[in-house]
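Student: Below is the file run-v6.csv, with CSV, C-alpha atoms.
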```csv
chain,number,residue,atom,x,y,z
A,1,MET,CA,-10.6,-17.3,24.6
A,2,ASP,CA,-13.0,-17.8,21.6
A,3,ALA,CA,-10.7,-17.2,18.6
A,4,VAL,CA,-7.4,-18.7,17.4
A,5,LEU,CA,-4.7,-17.8,14.9
A,6,VAL,CA,-3.0,-20.9,13.4
A,7,LEU,CA,0.2,-20.4,11.2
A,8,GLU,CA,1.1,-22.8,8.4
A,9,ASP,CA,4.2,-24.0,10.4
A,10,GLY,CA,1.9,-25.1,13.2
A,11,ARG,CA,2.4,-22.2,15.6
A,12,VAL,CA,-0.9,-21.4,17.5
A,13,PHE,CA,-1.9,-18.1,19.1
A,14,PRO,CA,-5.2,-18.1,21.1
A,15,GLY,CA,-7.2,-14.9,21.6
A,16,ARG,CA,-10.6,-13.2,21.7
A,17,SER,CA,-12.8,-12.3,18.8
A,18,PHE,CA,-13.7,-8.7,18.3
A,19,GLY,CA,-14.8,-8.6,14.7
A,20,ALA,CA,-17.1,-10.8,12.6
A,21,ALA,CA,-17.6,-14.5,13.3
A,22,GLY,CA,-16.1,-17.1,10.9
A,23,GLU,CA,-12.7,-17.8,9.5
A,24,ARG,CA,-10.3,-16.1,7.2
A,25,ILE,CA,-7.1,-17.3,5.5
A,26,GLY,CA,-4.3,-15.0,4.3
A,27,GLU,CA,-0.6,-14.1,4.5
A,28,VAL,CA,0.3,-13.1,8.1
A,29,VAL,CA,2.3,-9.8,8.2
A,30,PHE,CA,3.1,-7.2,10.8
A,31,HIS,CA,2.8,-3.4,10.7
A,32,THR,CA,5.1,-1.3,13.0
A,33,GLY,CA,3.1,2.0,12.8
A,34,MET,CA,1.9,3.4,16.1
A,35,THR,CA,-1.1,5.1,14.5
A,36,GLY,CA,-3.3,4.9,11.5
A,37,TYR,CA,-5.1,1.6,11.9
A,38,GLN,CA,-8.1,2.7,9.9
A,39,GLU,CA,-5.9,3.7,6.9
A,40,ILE,CA,-4.1,0.4,7.2
A,41,LEU,CA,-7.3,-1.6,7.3
A,42,THR,CA,-8.7,0.1,4.2
A,43,ASP,CA,-5.5,0.1,2.1
A,44,PRO,CA,-6.2,-2.2,-0.9
A,45,SER,CA,-2.6,-3.3,-0.9
A,46,TYR,CA,-3.4,-5.4,2.1
A,47,CYS,CA,-5.9,-7.6,0.2
A,48,GLY,CA,-5.3,-11.2,1.0
A,49,GLN,CA,-3.3,-10.5,4.2
A,50,LEU,CA,-3.9,-11.0,7.9
A,51,VAL,CA,-2.4,-7.8,9.4
A,52,THR,CA,-0.8,-7.8,12.9
A,53,MET,CA,-0.4,-4.4,14.6
A,54,THR,CA,2.7,-4.2,16.8
A,55,ALA,CA,1.4,-1.2,18.6
A,56,PRO,CA,-0.3,-2.7,21.7
A,57,HIS,CA,-3.5,-0.6,22.0
A,58,ILE,CA,-5.8,-0.5,19.0
A,59,GLY,CA,-9.3,1.0,18.7
A,60,ASN,CA,-9.0,3.8,21.2
A,61,THR,CA,-9.7,6.5,18.6
A,62,GLY,CA,-12.6,4.7,17.0
A,63,VAL,CA,-13.2,5.1,13.2
A,64,ASN,CA,-14.2,8.2,11.2
A,65,ASP,CA,-15.4,9.3,7.8
A,66,PHE,CA,-12.1,11.0,6.9
A,67,ASP,CA,-9.3,8.4,7.0
A,68,PRO,CA,-10.4,5.5,4.8
A,69,GLU,CA,-8.2,4.8,1.9
A,70,SER,CA,-11.0,3.0,0.0
A,71,PHE,CA,-14.7,2.4,0.5
A,72,LYS,CA,-14.3,-0.6,2.9
A,73,PRO,CA,-11.7,-2.5,4.9
A,74,GLN,CA,-9.6,-4.6,2.5
A,75,VAL,CA,-7.6,-6.8,4.9
A,76,ALA,CA,-8.4,-10.5,5.1
A,77,GLY,CA,-8.2,-10.3,8.9
A,78,PHE,CA,-6.9,-8.3,11.8
A,79,ILE,CA,-4.6,-9.2,14.7
A,80,VAL,CA,-4.0,-7.0,17.8
A,81,ARG,CA,-2.7,-7.3,21.4
A,82,ALA,CA,-5.4,-5.3,23.1
A,83,TYR,CA,-8.6,-3.9,21.6
A,84,SER,CA,-10.2,-0.9,23.3
A,85,GLU,CA,-14.0,-0.9,23.4
A,86,ASP,CA,-13.9,2.6,24.6
A,87,TYR,CA,-12.9,5.2,22.1
A,88,SER,CA,-12.4,9.0,22.2
A,89,SER,CA,-11.9,11.4,19.2
A,90,TRP,CA,-13.7,14.4,18.0
A,91,ARG,CA,-13.8,12.8,14.6
A,92,ALA,CA,-15.0,9.4,15.7
A,93,ARG,CA,-18.3,8.1,14.2
A,94,GLY,CA,-18.2,4.6,15.7
A,95,SER,CA,-16.1,1.8,17.0
A,96,LEU,CA,-13.5,-0.3,15.2
A,97,ALA,CA,-15.2,-3.5,16.2
A,98,GLN,CA,-18.5,-2.4,14.6
A,99,LEU,CA,-16.8,-1.4,11.4
A,100,LEU,CA,-15.1,-4.9,11.2
A,101,ARG,CA,-18.4,-6.6,11.9
A,102,ASP,CA,-20.3,-4.5,9.3
A,103,HIS,CA,-17.8,-5.6,6.6
A,104,GLN,CA,-17.4,-9.2,7.8
A,105,ILE,CA,-13.7,-8.9,8.8
A,106,VAL,CA,-12.6,-11.5,11.3
A,107,ALA,CA,-10.4,-10.0,14.0
A,108,ILE,CA,-8.6,-11.4,17.1
A,109,SER,CA,-7.3,-9.6,20.2
A,110,ASP,CA,-5.3,-10.8,23.3
A,111,VAL,CA,-2.6,-12.2,21.0
A,112,ASP,CA,1.0,-12.0,22.1
A,113,THR,CA,1.8,-9.8,19.1
A,114,ARG,CA,5.4,-9.4,20.2
A,115,ALA,CA,6.0,-13.1,20.1
A,116,LEU,CA,4.2,-13.3,16.8
A,117,THR,CA,6.2,-10.5,15.2
A,118,ARG,CA,9.5,-12.0,16.4
A,119,HIS,CA,8.5,-15.3,14.9
A,120,LEU,CA,7.6,-13.8,11.6
A,121,ARG,CA,10.9,-11.9,11.5
A,122,THR,CA,12.7,-15.2,11.9
A,123,ALA,CA,10.6,-17.5,9.9
A,124,GLY,CA,9.2,-15.0,7.4
A,125,ALA,CA,5.6,-14.0,6.4
A,126,MET,CA,3.5,-17.1,6.0
A,127,ARG,CA,0.0,-18.3,5.5
A,128,GLY,CA,-2.3,-18.4,8.5
A,129,ILE,CA,-6.0,-18.7,9.5
A,130,ILE,CA,-8.0,-16.8,12.1
A,131,ALA,CA,-11.1,-18.7,13.2
A,132,THR,CA,-13.9,-18.3,15.7
A,133,THR,CA,-15.6,-21.5,14.6
A,134,GLY,CA,-14.3,-23.9,17.3
A,135,GLU,CA,-12.7,-26.2,14.7
A,136,SER,CA,-9.7,-28.2,15.8
A,137,VAL,CA,-6.2,-26.9,15.3
A,138,ALA,CA,-5.4,-29.8,13.0
A,139,THR,CA,-8.3,-28.9,10.7
A,140,LEU,CA,-7.4,-25.2,10.7
A,141,LEU,CA,-3.8,-26.0,10.0
A,142,ALA,CA,-4.7,-28.1,7.0
A,143,LYS,CA,-6.8,-25.2,5.6
A,144,ALA,CA,-4.0,-22.8,6.0
A,145,ARG,CA,-1.5,-25.1,4.2
A,146,GLN,CA,-4.0,-25.6,1.3
A,147,ALA,CA,-4.3,-21.8,0.7
A,148,PRO,CA,-2.3,-20.4,-2.2
A,149,PRO,CA,0.9,-18.5,-1.3
A,150,MET,CA,1.2,-14.8,-2.1
A,151,ALA,CA,4.0,-15.4,-4.7
A,152,GLY,CA,2.4,-15.9,-8.0
A,153,ARG,CA,-1.0,-14.3,-7.2
A,154,ASP,CA,-2.4,-11.3,-9.1
A,155,LEU,CA,-4.8,-9.7,-6.7
A,156,THR,CA,-5.1,-6.3,-8.4
A,157,ARG,CA,-8.2,-7.3,-10.3
A,158,VAL,CA,-9.9,-8.0,-7.0
A,159,VAL,CA,-9.5,-4.4,-5.7
A,160,ALA,CA,-9.3,-2.2,-8.9
A,161,CYS,CA,-12.2,-0.1,-10.0
A,162,ALA,CA,-14.5,-1.5,-12.7
A,163,ALA,CA,-14.9,1.7,-14.7
A,164,ALA,CA,-13.1,5.0,-15.2
A,165,TYR,CA,-14.0,8.0,-13.0
A,166,GLY,CA,-12.8,11.5,-12.4
A,167,TRP,CA,-11.2,12.8,-9.2
A,168,THR,CA,-10.7,16.5,-8.1
A,169,GLU,CA,-10.9,16.3,-4.3
A,170,GLY,CA,-7.8,17.6,-2.5
A,171,SER,CA,-6.5,17.1,1.0
A,172,ALA,CA,-7.7,20.4,2.5
A,173,PRO,CA,-11.1,19.3,3.7
A,174,PHE,CA,-9.5,16.3,5.5
A,175,SER,CA,-5.9,17.2,6.6
A,176,PRO,CA,-5.2,21.0,6.2
A,177,THR,CA,-1.6,20.6,7.4
A,178,TYR,CA,-0.8,18.2,4.6
A,179,ALA,CA,-2.1,20.7,2.0
A,180,ALA,CA,0.5,23.4,2.3
A,181,GLY,CA,1.0,25.1,-1.0
A,182,VAL,CA,-2.1,23.5,-2.6
A,183,THR,CA,-3.4,25.0,-5.8
A,184,SER,CA,-6.9,25.4,-7.1
A,185,ASP,CA,-5.5,25.5,-10.6
A,186,LEU,CA,-5.7,22.0,-11.9
A,187,LYS,CA,-3.5,22.6,-14.9
A,188,TYR,CA,-2.3,19.0,-15.4
A,189,HIS,CA,-4.4,16.0,-16.6
A,190,VAL,CA,-3.1,12.8,-15.0
A,191,VAL,CA,-4.4,9.3,-15.8
A,192,ALA,CA,-4.0,7.1,-12.8
A,193,TYR,CA,-4.0,3.3,-13.2
A,194,ASP,CA,-5.9,1.7,-10.4
A,195,PHE,CA,-4.3,-1.5,-9.1
A,196,GLY,CA,-5.5,-0.8,-5.5
A,197,LEU,CA,-5.2,3.0,-5.5
A,198,LYS,CA,-5.2,4.8,-2.2
A,199,ARG,CA,-7.4,7.9,-1.9
A,200,THR,CA,-4.6,9.9,-0.2
A,201,ILE,CA,-2.5,9.5,-3.4
A,202,LEU,CA,-5.4,11.0,-5.4
A,203,ARG,CA,-5.7,13.9,-3.0
A,204,ARG,CA,-1.9,14.6,-3.1
A,205,LEU,CA,-2.0,14.7,-6.9
A,206,VAL,CA,-4.9,17.2,-6.8
A,207,ASP,CA,-3.0,19.2,-4.2
A,208,HIS,CA,-0.2,19.6,-6.8
A,209,GLY,CA,-2.5,20.8,-9.5
A,210,CYS,CA,-3.6,17.6,-11.2
A,211,ARG,CA,-7.0,16.7,-12.5
A,212,VAL,CA,-7.1,13.0,-12.3
A,213,THR,CA,-8.9,10.4,-14.4
A,214,VAL,CA,-8.7,7.0,-12.7
A,215,VAL,CA,-8.9,4.0,-15.0
A,216,PRO,CA,-9.0,0.2,-14.3
A,217,GLY,CA,-5.6,-1.5,-14.2
A,218,ALA,CA,-6.4,-3.4,-17.4
A,219,THR,CA,-6.9,-0.3,-19.5
A,220,PRO,CA,-4.9,-0.6,-22.8
A,221,ALA,CA,-2.1,2.0,-23.4
A,222,SER,CA,-3.9,3.1,-26.6
A,223,GLU,CA,-7.1,4.1,-24.6
A,224,THR,CA,-5.0,6.0,-22.1
A,225,LEU,CA,-3.0,7.9,-24.7
A,226,ALA,CA,-6.3,8.8,-26.4
A,227,LEU,CA,-7.2,10.8,-23.3
A,228,GLN,CA,-4.2,13.0,-24.0
A,229,PRO,CA,-2.8,13.0,-20.4
A,230,ASP,CA,0.1,15.2,-19.3
A,231,GLY,CA,1.3,12.3,-17.2
A,232,VAL,CA,0.4,8.7,-16.1
A,233,PHE,CA,0.4,7.5,-12.5
A,234,TYR,CA,0.9,3.8,-11.7
A,235,SER,CA,-0.6,3.0,-8.3
A,236,ASN,CA,0.0,0.7,-5.3
A,237,GLY,CA,-1.7,-2.6,-5.1
A,238,PRO,CA,-1.6,-6.2,-3.7
A,239,GLY,CA,-0.1,-9.4,-4.8
A,240,ASP,CA,2.9,-10.5,-6.8
A,241,PRO,CA,4.0,-7.9,-9.4
A,242,ALA,CA,5.5,-10.5,-11.7
A,243,ALA,CA,2.1,-12.2,-11.9
A,244,THR,CA,0.5,-8.9,-13.1
A,245,VAL,CA,1.8,-9.4,-16.6
A,246,TYR,CA,-0.8,-7.2,-18.4
A,247,ALA,CA,0.1,-4.2,-16.2
A,248,PHE,CA,3.8,-4.0,-17.0
A,249,GLU,CA,3.2,-4.9,-20.7
A,250,THR,CA,0.8,-2.0,-20.8
A,251,LEU,CA,3.4,0.3,-19.2
A,252,ARG,CA,5.9,-0.6,-22.0
A,253,GLY,CA,3.4,0.9,-24.4
A,254,LEU,CA,3.4,4.2,-22.4
A,255,LEU,CA,7.1,4.7,-21.7
A,256,GLY,CA,8.6,7.4,-23.8
A,257,ARG,CA,5.2,8.6,-24.8
A,258,VAL,CA,4.2,10.4,-21.6
A,259,PRO,CA,5.8,11.0,-18.2
A,260,VAL,CA,5.2,8.2,-15.7
A,261,PHE,CA,5.3,8.2,-11.9
A,262,GLY,CA,4.9,4.9,-9.9
A,263,ILE,CA,4.4,4.2,-6.2
A,264,CYS,CA,4.8,0.8,-4.5
A,265,LEU,CA,3.4,-1.9,-6.9
A,266,GLY,CA,3.7,0.8,-9.6
A,267,HIS,CA,7.4,1.0,-8.8
A,268,GLN,CA,7.8,-2.8,-9.1
A,269,LEU,CA,5.8,-2.8,-12.4
A,270,LEU,CA,8.1,-0.1,-13.8
A,271,GLY,CA,11.1,-2.2,-12.9
A,272,LEU,CA,9.6,-5.1,-14.7
A,273,ALA,CA,8.7,-2.9,-17.7
A,274,LEU,CA,12.3,-1.7,-17.9
A,275,GLY,CA,13.6,-5.3,-18.1
A,276,GLY,CA,14.3,-6.0,-14.4
A,277,ARG,CA,13.1,-8.7,-12.1
A,278,THR,CA,11.3,-8.7,-8.8
A,279,TYR,CA,11.5,-11.1,-5.8
A,280,LYS,CA,9.7,-11.8,-2.5
A,281,LEU,CA,11.1,-10.3,0.7
A,282,PRO,CA,11.2,-12.5,3.8
A,283,PHE,CA,8.7,-10.6,5.8
A,284,GLY,CA,8.2,-7.4,3.8
A,285,HIS,CA,8.3,-3.8,4.9
A,286,HIS,CA,5.1,-2.7,6.6
A,287,GLY,CA,5.3,0.4,8.8
A,288,ALA,CA,5.7,4.2,9.0
A,289,ASN,CA,9.3,4.6,10.2
A,290,HIS,CA,11.6,3.1,7.5
A,291,PRO,CA,14.8,5.0,6.7
A,292,VAL,CA,15.5,5.5,3.0
A,293,ARG,CA,18.5,7.3,1.6
A,294,TYR,CA,18.0,9.6,-1.5
A,295,VAL,CA,21.2,8.7,-3.4
A,296,PRO,CA,21.7,12.0,-5.3
A,297,THR,CA,22.0,14.1,-2.1
A,298,GLY,CA,22.6,11.5,0.6
A,299,ARG,CA,19.5,12.9,2.5
A,300,VAL,CA,17.7,10.3,4.7
A,301,GLU,CA,13.9,10.2,4.6
A,302,ILE,CA,11.7,8.5,7.1
A,303,THR,CA,9.0,6.7,5.1
A,304,SER,CA,5.7,4.9,5.2
A,305,GLN,CA,6.0,1.4,3.6
A,306,ASN,CA,3.7,-1.5,2.7
A,307,HIS,CA,5.1,-4.1,0.3
A,308,GLY,CA,6.2,-7.7,0.3
A,309,PHE,CA,8.2,-7.7,-3.0
A,310,ALA,CA,11.2,-5.7,-4.2
A,311,VAL,CA,13.0,-4.9,-7.5
A,312,ASP,CA,16.3,-6.8,-8.0
A,313,ALA,CA,18.9,-4.1,-8.4
A,314,ALA,CA,21.3,-6.4,-10.3
A,315,SER,CA,18.6,-7.2,-12.9
A,316,LEU,CA,18.1,-3.5,-14.0
A,317,PRO,CA,19.7,-2.3,-17.3
A,318,ALA,CA,22.6,0.1,-17.0
A,319,GLU,CA,20.6,3.1,-18.1
A,320,VAL,CA,18.2,2.8,-15.2
A,321,GLU,CA,19.3,4.9,-12.2
A,322,ILE,CA,18.7,3.7,-8.6
A,323,THR,CA,17.6,6.8,-6.7
A,324,HIS,CA,16.6,5.5,-3.3
A,325,ILE,CA,18.0,2.8,-1.0
A,326,ASN,CA,16.5,1.2,2.1
A,327,LEU,CA,18.9,1.7,4.9
A,328,ASN,CA,17.6,-1.4,6.8
A,329,ASP,CA,18.3,-4.0,4.2
A,330,GLN,CA,19.7,-2.1,1.2
A,331,THR,CA,16.8,-2.9,-1.1
A,332,VAL,CA,15.9,-0.7,-4.0
A,333,GLU,CA,13.4,2.0,-3.0
A,334,GLY,CA,13.4,4.2,-6.0
A,335,LEU,CA,14.5,4.3,-9.7
A,336,ARG,CA,14.3,6.5,-12.8
A,337,HIS,CA,15.0,6.4,-16.5
A,338,PRO,CA,15.6,10.0,-17.6
A,339,GLY,CA,15.4,9.2,-21.3
A,340,LEU,CA,12.0,7.6,-21.0
A,341,ARG,CA,10.7,10.3,-18.5
A,342,CYS,CA,9.7,7.9,-15.8
A,343,PHE,CA,10.5,7.4,-12.1
A,344,SER,CA,9.1,5.5,-9.1
A,345,VAL,CA,9.5,4.8,-5.5
A,346,GLN,CA,8.8,1.7,-3.5
A,347,TYR,CA,7.6,3.5,-0.4
A,348,HIS,CA,4.6,5.8,0.1
A,349,PRO,CA,5.4,9.5,-0.2
A,350,GLU,CA,1.7,10.3,0.3
A,351,ALA,CA,1.8,8.7,3.7
A,352,GLY,CA,-1.7,7.9,5.0
A,353,PRO,CA,-0.5,7.0,7.6
A,354,GLY,CA,3.1,8.2,8.1
A,355,PRO,CA,5.6,11.0,7.7
A,356,HIS,CA,5.7,13.5,4.8
A,357,ASP,CA,9.4,13.6,4.2
A,358,ALA,CA,9.0,12.7,0.5
A,359,THR,CA,6.2,15.0,-0.6
A,360,TYR,CA,8.8,16.6,-3.0
A,361,LEU,CA,8.2,13.6,-5.3
A,362,PHE,CA,4.9,15.0,-6.4
A,363,HIS,CA,6.6,18.2,-7.3
A,364,GLU,CA,9.1,16.2,-9.3
A,365,PHE,CA,6.2,14.7,-11.2
A,366,THR,CA,4.7,18.1,-12.1
A,367,ALA,CA,8.1,19.3,-13.1
A,368,LEU,CA,8.5,16.4,-15.4
A,369,MET,CA,5.2,17.1,-16.9
A,370,ASP,CA,6.2,20.8,-17.4
A,371,ALA,CA,9.4,19.8,-19.1
A,372,SER,CA,7.5,17.4,-21.3
A,373,ARG,CA,5.1,20.2,-22.4
A,374,LEU,CA,8.0,22.4,-23.3
A,375,ALA,CA,9.7,19.8,-25.3
A,376,SER,CA,6.6,18.9,-27.4
```
Just dump the structure as structure tokens.
Tutor:
Amino acid sequence: MDAVLVLEDGRVFPGRSFGAAGERIGEVVFHTGMTGYQEILTDPSYCGQLVTMTAPHIGNTGVNDFDPESFKPQVAGFIVRAYSEDYSSWRARGSLAQLLRDHQIVAISDVDTRALTRHLRTAGAMRGIIATTGESVATLLAKARQAPPMAGRDLTRVVACAAAYGWTEGSAPFSPTYAAGVTSDLKYHVVAYDFGLKRTILRRLVDHGCRVTVVPGATPASETLALQPDGVFYSNGPGDPAATVYAFETLRGLLGRVPVFGICLGHQLLGLALGGRTYKLPFGHHGANHPVRYVPTGRVEITSQNHGFAVDAASLPAEVEITHINLNDQTVEGLRHPGLRCFSVQYHPEAGPGPHDATYLFHEFTALMDASRLAS
């Protein structure tokens, strides 16, 4: 054993290093998805977190050029039960371990991830440190406890783009089955705020006829409106939504002026912009099999999720409609304000990885933009 994971409460998990050498501190969370480790690693929403995979065998399909959700791995560190040096996939271009080493991601295998997950479910997500340096547990524990907690941190500026850019690439070259009904007619112009935006979201927007202009998260509302968009998209991202004050204040300047669709952090920011509050969940929702009820019809969707905060239902104004409810813990998973032409969901309808039960939400966004055009 040449690596160790130390949690802030003193729990120690020895293991083997299969990534870069060194040490990394972050919030330790667990992901229950059976597949999609490359998408998880490259999702900017995991910035600042040490991600534990509950699926036991990781690395057996290698890594490829199609699945990354951003240009590099974004996790602070990676924790698995068994890493497979041997990989097999017609898309593979290399090993997971090499990708992690190339990007200086510290990773540990041979960890009892079942015990770790059960501990986090009981004690909650907490700070931890992965180290291959040979330092004492006492020293590593002190470092973990000195790290800032996730609550109160704005990490969006770490992962957001520095300058605006255009996006017109759809899903078809990558995942043809996801692209059913795609259109080559990009008749909508959507401005997407980047707080840690996933590429799969951009491809889904294009699949539904949107030409996308991606802008940094700190872009003022006046600059966005000057681009004359048909709609605005508020993206996923890491950190505490309540600490991202500039983002929900900007959103207040857009509401009622243009249709708005938010996902994940974008959902939380919409809740804050509408006058609600957010709070930290004990261990978050990270997986690809979370049941959510669509309130208007009672239909249950199986969803992909990745978030550590939620919108407080009791804090929302009466005119805000709660559209989706998490069936595991009854947290708010969706909301809308018909008068302000905005809606959002806490989960990930674009998947990447995960099921596609909620693809209809992209159709709802285009329908909202159509209605807005007719009314203007």
Student: Take CA of Val320 (chain A) and CA of Arg157 (chain A) and report the distance between them in Å, one decimal.
Tutor: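 Computing it gives 28.7 Å between the two atoms.
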Student: So that I can check the surroundings of Gly124 (chain A), please list as a PyMOL selection string every protein, DNA and RNA residue that reaches within 10 Å of it, counting all atoms listed in the file and ignoring chain neighbours fewer than 3 positions away.
Tutor: chain A and resi 28-29+117-121+127+281-284
Student: Here is a test: counting all atoms listed in the file, which residue of A:Gly62, A:Gly266, A:Pro56, A:Gly166 is nearest to Gln346 (chain A)?
Tutor: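 Using all atoms listed in the file, the shortest distance to Gln346 (chain A) belongs to A:Gly266.
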Student: Rounded to one decimal place, report the CA of Ser372 (chain A)-CA of Ile325 (chain A) distance in Å.
Tutor: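 Atom-to-atom, CA of Ser372 (chain A) to CA of Ile325 (chain A), that is 27.1 Å.
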Student: Find the residues with any atom within 10 Å of (2.8, -3.7, -20.5); use all atoms listed in the file and the coordinates as given in the file, and write the answer as an MDAnalysis selection string.
Tutor: chainID A and resid 218 220:221 244:255 269:270 272:273
Student: Please provide the set of residues having any atom within 7 Å of Arg93 (chain A), restricted to only C-alpha atoms, with same-chain residues fewer than 2 positions apart removed, written as a VMD selection string.
Tutor: chain A and resid 63 to 64 91
Student: CA of Val260 (chain A) and CA of Asp67 (chain A), how far apart in Å?
Tutor: 26.9 Å
Student: Nearest to Ser70 (chain A): which of A:Val292, A:Leu141, A:Val159, A:Ala55 is it, counting all atoms listed in the file?
Tutor: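 Closest residue, counting all atoms listed in the file: A:Val159.
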Student: Which polymer residues have any atom within 7 Å of an atom of Val111 (chain A), counting only C-alpha atoms, with same-chain residues fewer than 5 positions away left out, as a VMD selection string?
Tutor: chain A and resid 13 to 15 80 to 81
Student: Write the residues of the preceding selection, restricted to C-alpha atoms, as a short mmCIF file (atom, residue, chain, number, x, y, z; two decimals), in the frame of the given file.
Tutor:
```cif
data_model
loop_
_atom_site.label_atom_id
_atom_site.label_comp_id
_atom_site.auth_asym_id
_atom_site.auth_seq_id
_atom_site.Cartn_x
_atom_site.Cartn_y
_atom_site.Cartn_z
CA PHE A 13 -1.90 -18.10 19.10
CA PRO A 14 -5.20 -18.10 21.10
CA GLY A 15 -7.20 -14.90 21.60
CA VAL A 80 -4.00 -7.00 17.80
CA ARG A 81 -2.70 -7.30 21.40
#
```
Student: Quick one: everything within 12 Å of Arg299 (chain A), counting only C-alpha atoms, minus sequence neighbours fewer than 3 positions away in the same chain. Send it as a ChimeraX atom specification.
Tutor: /A:291-296,302,323-325,327,357-358
Student: Anything within 7 Å of (-12.2, -6.7, 9.8): list those residues as a list in words, counting only C-alpha atoms and sticking to the file's coordinates.
Tutor: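 Within 7 Å of (-12.2, -6.7, 9.8), the protein and nucleic acid residues are Gly19, Ala20, Pro73, Val75, Gly77, Phe78, Leu100, Arg101, His103, Gln104, Ile105, Val106 and Ala107 of chain A.
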Student: With only C-alpha atoms as the counted atoms, please give the residues lying no more than 9 Å from His337 (chain A), apart from itself and same-chain residues fewer than 3 positions off, as a compact mmCIF listing (two decimals) with C-alpha atoms, in the coordinates of the input.
Tutor:
```txt
# COMPACT_ATOMS: atom_id res chain seq x y z
CA LEU A 274 12.30 -1.70 -17.90
CA GLU A 319 20.60 3.10 -18.10
CA VAL A 320 18.20 2.80 -15.20
CA GLU A 321 19.30 4.90 -12.20
CA LEU A 340 12.00 7.60 -21.00
CA ARG A 341 10.70 10.30 -18.50
CA CYS A 342 9.70 7.90 -15.80
CA PHE A 343 10.50 7.40 -12.10
```
Student: Considering all atoms listed in the file, can you say which of A:Glu8, A:Asp185, A:Asp154, A:Glu69 comes closest to Ala123 (chain A)?
Tutor: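 Once distances to Ala123 (chain A) are computed over all atoms listed in the file, the minimum belongs to A:Glu8.
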Student: Kindly indicate which residue among A:Pro68, A:Gly128, A:Pro349, A:Pro259 lies nearest to Leu225 (chain A), using all atoms listed in the file for the distances.
Tutor: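 Comparing A:Pro68, A:Gly128, A:Pro349, A:Pro259 against Leu225 (chain A), the winner is A:Pro259.
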Student: Counting all atoms listed in the file, figure out which residue out of A:Gly271, A:Pro338, A:Gly239, A:Gly262 gets nearest to Phe362 (chain A).
Tutor: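 Using all atoms listed in the file, Phe362 (chain A) sits closest to A:Gly262.
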Student: Name the closest residue to Leu202 (chain A) among the candidates A:Tyr234, A:Tyr83, A:Tyr360, A:Trp167; distances are taken between atoms, counting all atoms listed in the file.
Tutor: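 The closest residue to Leu202 (chain A) is A:Trp167.
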Student: Restrict the output to region 358-375 of chain A and C-alpha atoms, then write it as a PDB file, in the first residue's frame.
Tutor:
```pdb
ATOM      1  CA  ALA A 358     -35.979  13.956 -19.331  1.00  0.00           C
ATOM      2  CA  THR A 359     -34.957  14.916 -22.853  1.00  0.00           C
ATOM      3  CA  TYR A 360     -38.394  16.530 -23.205  1.00  0.00           C
ATOM      4  CA  LEU A 361     -37.125  19.496 -21.187  1.00  0.00           C
ATOM      5  CA  PHE A 362     -35.085  20.695 -24.152  1.00  0.00           C
ATOM      6  CA  HIS A 363     -38.285  20.628 -26.212  1.00  0.00           C
ATOM      7  CA  GLU A 364     -39.968  22.681 -23.478  1.00  0.00           C
ATOM      8  CA  PHE A 365     -37.198  25.259 -23.781  1.00  0.00           C
ATOM      9  CA  THR A 366     -37.633  25.594 -27.552  1.00  0.00           C
ATOM     10  CA  ALA A 367     -41.422  25.774 -27.116  1.00  0.00           C
ATOM     11  CA  LEU A 368     -40.946  28.582 -24.604  1.00  0.00           C
ATOM     12  CA  MET A 369     -38.737  30.439 -27.072  1.00  0.00           C
ATOM     13  CA  ASP A 370     -41.356  29.930 -29.823  1.00  0.00           C
ATOM     14  CA  ALA A 371     -44.074  31.320 -27.573  1.00  0.00           C
ATOM     15  CA  SER A 372     -41.900  34.285 -26.682  1.00  0.00           C
ATOM     16  CA  ARG A 373     -41.329  35.065 -30.366  1.00  0.00           C
ATOM     17  CA  LEU A 374     -45.062  34.993 -31.062  1.00  0.00           C
ATOM     18  CA  ALA A 375     -45.785  37.300 -28.143  1.00  0.00           C
TER      19      ALA A 375
END
```
